Protein chains: 2
Amino acid sequence: MLGIFNEIKSDLQVLDKKLQKVVSAEDLFLSQMASYLLKAGGKRLRPAFAFLSARFYNYKLENVLPLAVALELIHMASLVHDDVVDAAATRRGVPTVRAKWGNRMSMHVGDWIFAKSLMMISEYEKIPMVAKTLSQISVKMCEGEIQQISSAYKVEQTIKDYFYRIERKTALLISASCQLGAVVCGAPEAIHLPLKRFGYKIGIAFQIVDDVLDLSADQKELGKPVGGDLRQGIITLPMIYALKNSAYRERLSVIIQKHSKSEEEIQEAISLISKSGGIDYANSVVDRYVTRAKEELEHLPNIPARDVLYEIADFVKNRKF
Amino acid sequence: MLGIFNEIKSDLQVLDKKLQKVVSAEDLFLSQMASYLLKAGGKRLRPAFAFLSARFYNYKLENVLPLAVALELIHMASLVHDDVVDAAATRRGVPTVRAKWGNRMSMHVGDWIFAKSLMMISEYEKIPMVAKTLSQISVKMCEGEIQQISSAYKVEQTIKDYFYRIERKTALLISASCQLGAVVCGAPEAIHLPLKRFGYKIGIAFQIVDDVLDLSADQKELGKPVGGDLRQGIITLPMIYALKNSAYRERLSVIIQKHSKSEEEIQEAISLISKSGGIDYANSVVDRYVTRAKEELEHLPNIPARDVLYEIADFVKNRKF
């Protein structure tokens with residue numbers, strides 16, 4: 001086990017060097033912004049999934065590296081664009097590109113990072129599935145964001161609407177990270193399809209946990225203010241549950257629909273959602289998805305990377321930030 | 001000649017149907033926005049170049065159609081994003097997506113349209129050059145936009161800076177439209193390289209004309225207010241010439257550097273640029289590029305499509321909108 005963790009660690013170091021190289025640019029200003037984004041960090045979760053999945057079949061770092069870079073760039077680009085539209089001031093505890101350089105720059109930097117990911121993807125000319133999968137997912141990621149905007153403050157939205165959104169926002173890219181990590185090493189369907197399903201389920205669980213933490217985490221640990229979703233009118237699973245089942249649903253509905261909420265109203269809403277069992281309910285859904293994700297791993301060979309995937313599944317469930 | 005114009009016309013009709021189909025979406029709101037953008041029109045210049053270039057070698061509409069759609073989508077996406085950052089209220093005489101639906105939506109719609117173009121491009125899995133060329137150009141298009149923002153209001157910029165920008169903003173995609181139209185039909189280098197160079201030179205000329213028209217066109221014909229570049233601090237070729245060579249350069253420099261200009265100042269600047277010979281100079285550069293573009297056509301077989309390319313070259317030079 002220690003061996004595989006060390007291997008992944010060294011893969012992630014190679015990844016960071018490669019990322020740094022890929023986002024270096026002639027334009028000094030652009031280079032600065034891109035480096036700043038890289039240094040702002042992130043969990044490198046998607047590359048890690050690709051590196052682990054690749055180990056189930058004929059693993060070669062050089063085969064996975066362009067994919068891992070592309071996955072992280074797609075994710076970074078979507079974060080930069082999210083920060084533009086959400087007018088966010090901090091992410092992971094540090095000022096966003098938008099807060100530092102303004103909306104106009106951020107949008108183009110996001111576009112630029114995304115286009116760089118396409119250059120990486122185009123290296124897989126012999127595995128058309130890579131470009132096909134990632135272009136389809138990029139379309140759906142945008143659809144998730146668009147639905148998030150058009151459904152904002154709409155208290156009548158359903159659990160189905162919520163799942164439509166988090167599948168697109170999060171689960172599909174994590175699913176592709178797991179699947180394609182194996183695909184680029186030449187793995188057959190018997191390997192890459194269980195990985196795809198594992199990634200999908202873990203991705204759903206991951207996003208629900210994110211949404212729960214936004215209501216219940218410690219602000220310092222989270223690196224951003226709690227209640228962000230409430231402020232932006234994003235209605236997450238704990239809220240949908242509470243809006244349907246709570247004795248306080250009328251008061252909660254009034255607060256959630258307000259486009260401008262006081263700090264007291266945010267705290268009141270969080271307390272009502274919690275008292276109504278919304279957070280417990282969402283956590284139970286997370287448990288179910290994590291369990292089902294782990295079941296997918298049973299179809300895979302028992303190698304050290306599989307144990308790490310089990311551990312990540314438990315981490316997703318238990319994380320506090 | 002009439003035959004080829006009719007052929008192109010029918011190709012462009014097929015293109016518009018296909019575009020409509022590609023941008024239809026589950027999400028009603030998204031479909032509406034995308035259709036609105038399509039109906040807002042545009043010259044379909046890039047698809048037209050691809051359709052014409054394809055005729056130099058084994059032309060089949062179905063081979064070129066996904067490329068033509070992708071080219072128009074890339075162009076549309078970049079326009080939607082430009083309108084976000086420029087806070088433009090109209091384009092081609094009608095309200096922009098941004099003005100109608102807001103910045104947040106526009107950014108994601110732009111992203112979505114761009115991602116749709118990738119799905120089209122991924123159909124050329126047997127011609128890796130398509131994805132490689134278009135991903136590289138997408139990166140450079142962003143670099144052009146970024147340089148445009150970081151160089152805004154900077155009167156010390158050079159003609160070289162200007163060419164760096166218009167190459168990326170405009171010329172490379174038009175160049176690729178001409179080249180790849182032939183490439184996707186299997187044309188050899190002897191065909192697609194002259195087309196690439198023709199497209200590059202025409203693209204440069206096209207953008208300079210755009211910048212001249214922004215200072216000298218009739219507002220009604222142009223479909224947007226003149227002086228837009230001056231307002232946004234974008235320093236174009238006629239201005240660079242006047243800032244260097246004019247007797248009025250000090251006054252001009254003062255106006256250009258103002259972040260907020262009155263209507264009188266805009267008119268004064270336009271008049272100073274014109275009196276200084278900036279517009280004449282830019283037009284002479286256009287003439288040179290159009291002539292050099294036409295010279296590239298001499299390397300190509302004498303087919304009706306070639307005559308149309310000659311005519312387009314003259315149209316670019318003489319257009320008033």
# chains A, B, ... in the order shown; residues from 1 in each chain; ligands from 1
>>> closest_atom_pairs(of="chain B", to="chain A", cutoff="7 Å", atoms="only C-alpha atoms", output="Markdown table")
| residue | atom | partner | partner_atom | distance |
| --- | --- | --- | --- | --- |
| B:Val85 | CA | A:Arg104 | CA | 4.9 |
| B:Arg104 | CA | A:Val85 | CA | 4.9 |
| B:Met105 | CA | A:Ile146 | CA | 6.6 |
| B:His108 | CA | A:Cys142 | CA | 5.8 |
| B:Asp111 | CA | A:Cys142 | CA | 6.5 |
| B:Trp112 | CA | A:Cys142 | CA | 5.3 |
| B:Ala115 | CA | A:Val139 | CA | 5.1 |
| B:Lys116 | CA | A:Val139 | CA | 6.1 |
| B:Leu118 | CA | A:Ser135 | CA | 5.5 |
| B:Met119 | CA | A:Ser135 | CA | 5.3 |
| B:Ser122 | CA | A:Lys132 | CA | 5.6 |
| B:Glu125 | CA | A:Pro128 | CA | 5.8 |
| B:Pro128 | CA | A:Glu125 | CA | 5.7 |
| B:Ala131 | CA | A:Ser122 | CA | 6.0 |
| B:Lys132 | CA | A:Ser122 | CA | 5.6 |
| B:Ser135 | CA | A:Met119 | CA | 5.3 |
| B:Gln136 | CA | A:Met119 | CA | 6.3 |
| B:Ser138 | CA | A:Ala115 | CA | 5.7 |
| B:Val139 | CA | A:Ala115 | CA | 5.1 |
| B:Cys142 | CA | A:Trp112 | CA | 5.3 |
| B:Glu145 | CA | A:His108 | CA | 6.9 |
| B:Ile146 | CA | A:His108 | CA | 6.4 |
>>> write_last_selection(atoms="N, CA and C atoms", output="PDB file, in the first residue's frame")
ATOM      1  N   VAL B  85     -17.335  40.270 -22.451  1.00  0.00           N
ATOM      2  CA  VAL B  85     -16.300  41.115 -21.879  1.00  0.00           C
ATOM      3  C   VAL B  85     -16.394  42.560 -22.324  1.00  0.00           C
ATOM      4  N   ARG B 104     -23.625  35.975 -17.096  1.00  0.00           N
ATOM      5  CA  ARG B 104     -23.380  34.621 -16.600  1.00  0.00           C
ATOM      6  C   ARG B 104     -23.844  33.594 -17.617  1.00  0.00           C
ATOM      7  N   MET B 105     -25.057  33.792 -18.127  1.00  0.00           N
ATOM      8  CA  MET B 105     -25.583  32.876 -19.133  1.00  0.00           C
ATOM      9  C   MET B 105     -24.719  32.878 -20.383  1.00  0.00           C
ATOM     10  N   HIS B 108     -21.572  30.777 -20.272  1.00  0.00           N
ATOM     11  CA  HIS B 108     -21.786  29.330 -20.356  1.00  0.00           C
ATOM     12  C   HIS B 108     -22.335  28.913 -21.717  1.00  0.00           C
ATOM     13  N   ASP B 111     -19.354  28.750 -23.890  1.00  0.00           N
ATOM     14  CA  ASP B 111     -18.620  27.507 -23.590  1.00  0.00           C
ATOM     15  C   ASP B 111     -19.316  26.306 -24.224  1.00  0.00           C
ATOM     16  N   TRP B 112     -20.639  26.301 -24.126  1.00  0.00           N
ATOM     17  CA  TRP B 112     -21.431  25.178 -24.623  1.00  0.00           C
ATOM     18  C   TRP B 112     -21.310  25.069 -26.152  1.00  0.00           C
ATOM     19  N   ALA B 115     -17.913  23.762 -26.962  1.00  0.00           N
ATOM     20  CA  ALA B 115     -17.820  22.320 -26.695  1.00  0.00           C
ATOM     21  C   ALA B 115     -18.549  21.518 -27.776  1.00  0.00           C
ATOM     22  N   LYS B 116     -19.662  22.054 -28.267  1.00  0.00           N
ATOM     23  CA  LYS B 116     -20.374  21.394 -29.369  1.00  0.00           C
ATOM     24  C   LYS B 116     -19.471  21.309 -30.605  1.00  0.00           C
ATOM     25  N   LEU B 118     -16.358  20.907 -30.601  1.00  0.00           N
ATOM     26  CA  LEU B 118     -15.412  19.804 -30.376  1.00  0.00           C
ATOM     27  C   LEU B 118     -16.031  18.472 -30.728  1.00  0.00           C
ATOM     28  N   MET B 119     -17.326  18.341 -30.444  1.00  0.00           N
ATOM     29  CA  MET B 119     -17.997  17.090 -30.800  1.00  0.00           C
ATOM     30  C   MET B 119     -17.975  16.895 -32.318  1.00  0.00           C
ATOM     31  N   SER B 122     -14.475  15.939 -33.381  1.00  0.00           N
ATOM     32  CA  SER B 122     -14.069  14.581 -33.005  1.00  0.00           C
ATOM     33  C   SER B 122     -14.559  13.549 -34.025  1.00  0.00           C
ATOM     34  N   GLU B 125     -11.858  11.537 -36.755  1.00  0.00           N
ATOM     35  CA  GLU B 125     -10.864  10.764 -36.017  1.00  0.00           C
ATOM     36  C   GLU B 125      -9.778  10.219 -36.937  1.00  0.00           C
ATOM     37  N   PRO B 128      -6.261  13.376 -37.955  1.00  0.00           N
ATOM     38  CA  PRO B 128      -5.876  14.032 -36.688  1.00  0.00           C
ATOM     39  C   PRO B 128      -5.498  15.497 -36.869  1.00  0.00           C
ATOM     40  N   ALA B 131      -8.219  18.167 -35.583  1.00  0.00           N
ATOM     41  CA  ALA B 131      -8.270  18.480 -34.154  1.00  0.00           C
ATOM     42  C   ALA B 131      -7.005  19.207 -33.710  1.00  0.00           C
ATOM     43  N   LYS B 132      -5.866  18.770 -34.226  1.00  0.00           N
ATOM     44  CA  LYS B 132      -4.601  19.398 -33.820  1.00  0.00           C
ATOM     45  C   LYS B 132      -4.576  20.869 -34.234  1.00  0.00           C
ATOM     46  N   SER B 135      -7.307  22.944 -32.276  1.00  0.00           N
ATOM     47  CA  SER B 135      -7.039  23.169 -30.850  1.00  0.00           C
ATOM     48  C   SER B 135      -5.920  24.194 -30.682  1.00  0.00           C
ATOM     49  N   GLN B 136      -4.898  24.097 -31.531  1.00  0.00           N
ATOM     50  CA  GLN B 136      -3.814  25.098 -31.462  1.00  0.00           C
ATOM     51  C   GLN B 136      -4.339  26.499 -31.743  1.00  0.00           C
ATOM     52  N   SER B 138      -7.389  27.575 -31.343  1.00  0.00           N
ATOM     53  CA  SER B 138      -8.241  28.024 -30.236  1.00  0.00           C
ATOM     54  C   SER B 138      -7.400  28.629 -29.115  1.00  0.00           C
ATOM     55  N   VAL B 139      -6.268  28.000 -28.830  1.00  0.00           N
ATOM     56  CA  VAL B 139      -5.349  28.554 -27.827  1.00  0.00           C
ATOM     57  C   VAL B 139      -4.915  29.955 -28.251  1.00  0.00           C
ATOM     58  N   CYS B 142      -7.471  32.784 -27.949  1.00  0.00           N
ATOM     59  CA  CYS B 142      -7.555  33.324 -26.582  1.00  0.00           C
ATOM     60  C   CYS B 142      -6.389  34.261 -26.307  1.00  0.00           C
ATOM     61  N   GLU B 145      -7.133  37.619 -27.620  1.00  0.00           N
ATOM     62  CA  GLU B 145      -8.090  38.358 -26.787  1.00  0.00           C
ATOM     63  C   GLU B 145      -7.419  38.891 -25.524  1.00  0.00           C
ATOM     64  N   ILE B 146      -6.558  38.046 -24.944  1.00  0.00           N
ATOM     65  CA  ILE B 146      -5.891  38.444 -23.705  1.00  0.00           C
ATOM     66  C   ILE B 146      -4.943  39.616 -23.952  1.00  0.00           C
TER      67      ILE B 146
END
>>> select_by_dssp(residues="stretch 156-286 of chain B", states="alpha helix (DSSP H)", output="PyMOL selection string")
chain B and resi 159-166+172-183+189-216+219-222+228-232+237-245+249-257+263-275+278-286
>>> residues_around(residues="B:Ala217", least_positions_apart="2", cutoff="12 Å", atoms="only C-alpha atoms", output="PyMOL selection string")
chain B and resi 209-215+219-228+270+279+318-321
>>> atom_distance(atom1="atom CA of A:Ala50", atom2="atom CA of A:Cys178")
5.2 Å
>>> residues_around(residues="B:Asp280", least_positions_apart="5", cutoff="10 Å", atoms="only C-alpha atoms", output="JSON, numbers by chain")
{"B": [212, 238, 241, 273, 274, 275, 285, 286]}
>>> atom_distance(atom1="atom CA of B:Gln20", atom2="atom CA of B:Phe5")
22.5 Å
>>> residues_around(residues="B:Ile8", least_positions_apart="6", cutoff="8 Å", atoms="only C-alpha atoms", output="PyMOL selection string")
chain B and resi 48+51-52
>>> write_last_selection(atoms="N, CA and C atoms", output="compact mmCIF listing (two decimals), in the first residue's frame")
# COMPACT_ATOMS: atom_id res chain seq x y z
N ALA B 48 -18.11 29.10 -45.71
CA ALA B 48 -18.05 29.33 -47.17
C ALA B 48 -16.64 29.06 -47.69
N PHE B 51 -16.19 25.30 -47.82
CA PHE B 51 -16.91 24.69 -48.95
C PHE B 51 -16.19 24.95 -50.27
N LEU B 52 -15.68 26.17 -50.43
CA LEU B 52 -14.99 26.50 -51.68
C LEU B 52 -13.67 25.74 -51.78
>>> select_by_dssp(residues="stretch 1-228 of chain A", states="strand (DSSP E or B)", output="list of chain:residue names")
A:Thr90, A:Arg91, A:Val94, A:Pro95
>>> residues_around(residues="B:Ser151", least_positions_apart="5", cutoff="9 Å", atoms="only C-alpha atoms", output="ChimeraX atom specification")
/B:146,157,161,233-235
>>> atom_distance(atom1="atom CA of B:Val64", atom2="atom CA of B:Gly181")
6.2 Å
>>> residues_around(residues="B:Leu65", least_positions_apart="4", cutoff="9 Å", atoms="only C-alpha atoms", output="VMD selection string")
chain B and resid 11 14 to 15 18 47 50 to 51 60 to 61 69 to 70
>>> write_last_selection(atoms="N, CA and C atoms", output="PDB file, in the first residue's frame")
ATOM      1  N   ASP B  11     -25.151  24.633 -50.266  1.00  0.00           N
ATOM      2  CA  ASP B  11     -24.312  24.129 -49.163  1.00  0.00           C
ATOM      3  C   ASP B  11     -24.582  24.903 -47.879  1.00  0.00           C
ATOM      4  N   VAL B  14     -27.788  23.832 -46.291  1.00  0.00           N
ATOM      5  CA  VAL B  14     -27.600  22.564 -45.558  1.00  0.00           C
ATOM      6  C   VAL B  14     -26.886  22.856 -44.236  1.00  0.00           C
ATOM      7  N   LEU B  15     -25.873  23.716 -44.308  1.00  0.00           N
ATOM      8  CA  LEU B  15     -25.130  24.102 -43.106  1.00  0.00           C
ATOM      9  C   LEU B  15     -26.068  24.660 -42.039  1.00  0.00           C
ATOM     10  N   LYS B  18     -28.103  22.046 -40.388  1.00  0.00           N
ATOM     11  CA  LYS B  18     -27.261  21.230 -39.504  1.00  0.00           C
ATOM     12  C   LYS B  18     -26.896  22.000 -38.225  1.00  0.00           C
ATOM     13  N   PRO B  47     -17.403  28.868 -42.983  1.00  0.00           N
ATOM     14  CA  PRO B  47     -17.922  27.710 -43.715  1.00  0.00           C
ATOM     15  C   PRO B  47     -17.825  27.893 -45.235  1.00  0.00           C
ATOM     16  N   ALA B  50     -14.504  27.019 -46.370  1.00  0.00           N
ATOM     17  CA  ALA B  50     -14.282  25.571 -46.325  1.00  0.00           C
ATOM     18  C   ALA B  50     -14.960  24.888 -47.515  1.00  0.00           C
ATOM     19  N   PHE B  51     -16.187  25.299 -47.821  1.00  0.00           N
ATOM     20  CA  PHE B  51     -16.906  24.691 -48.945  1.00  0.00           C
ATOM     21  C   PHE B  51     -16.188  24.948 -50.270  1.00  0.00           C
ATOM     22  N   LYS B  60     -16.803  16.390 -51.430  1.00  0.00           N
ATOM     23  CA  LYS B  60     -18.052  15.730 -51.000  1.00  0.00           C
ATOM     24  C   LYS B  60     -18.602  16.525 -49.822  1.00  0.00           C
ATOM     25  N   LEU B  61     -19.841  16.992 -49.965  1.00  0.00           N
ATOM     26  CA  LEU B  61     -20.429  17.836 -48.920  1.00  0.00           C
ATOM     27  C   LEU B  61     -20.353  17.177 -47.548  1.00  0.00           C
ATOM     28  N   VAL B  69     -19.540  23.258 -39.845  1.00  0.00           N
ATOM     29  CA  VAL B  69     -20.325  23.513 -38.633  1.00  0.00           C
ATOM     30  C   VAL B  69     -19.386  23.900 -37.489  1.00  0.00           C
ATOM     31  N   ALA B  70     -18.312  23.125 -37.319  1.00  0.00           N
ATOM     32  CA  ALA B  70     -17.372  23.393 -36.224  1.00  0.00           C
ATOM     33  C   ALA B  70     -16.768  24.789 -36.355  1.00  0.00           C
TER      34      ALA B  70
END
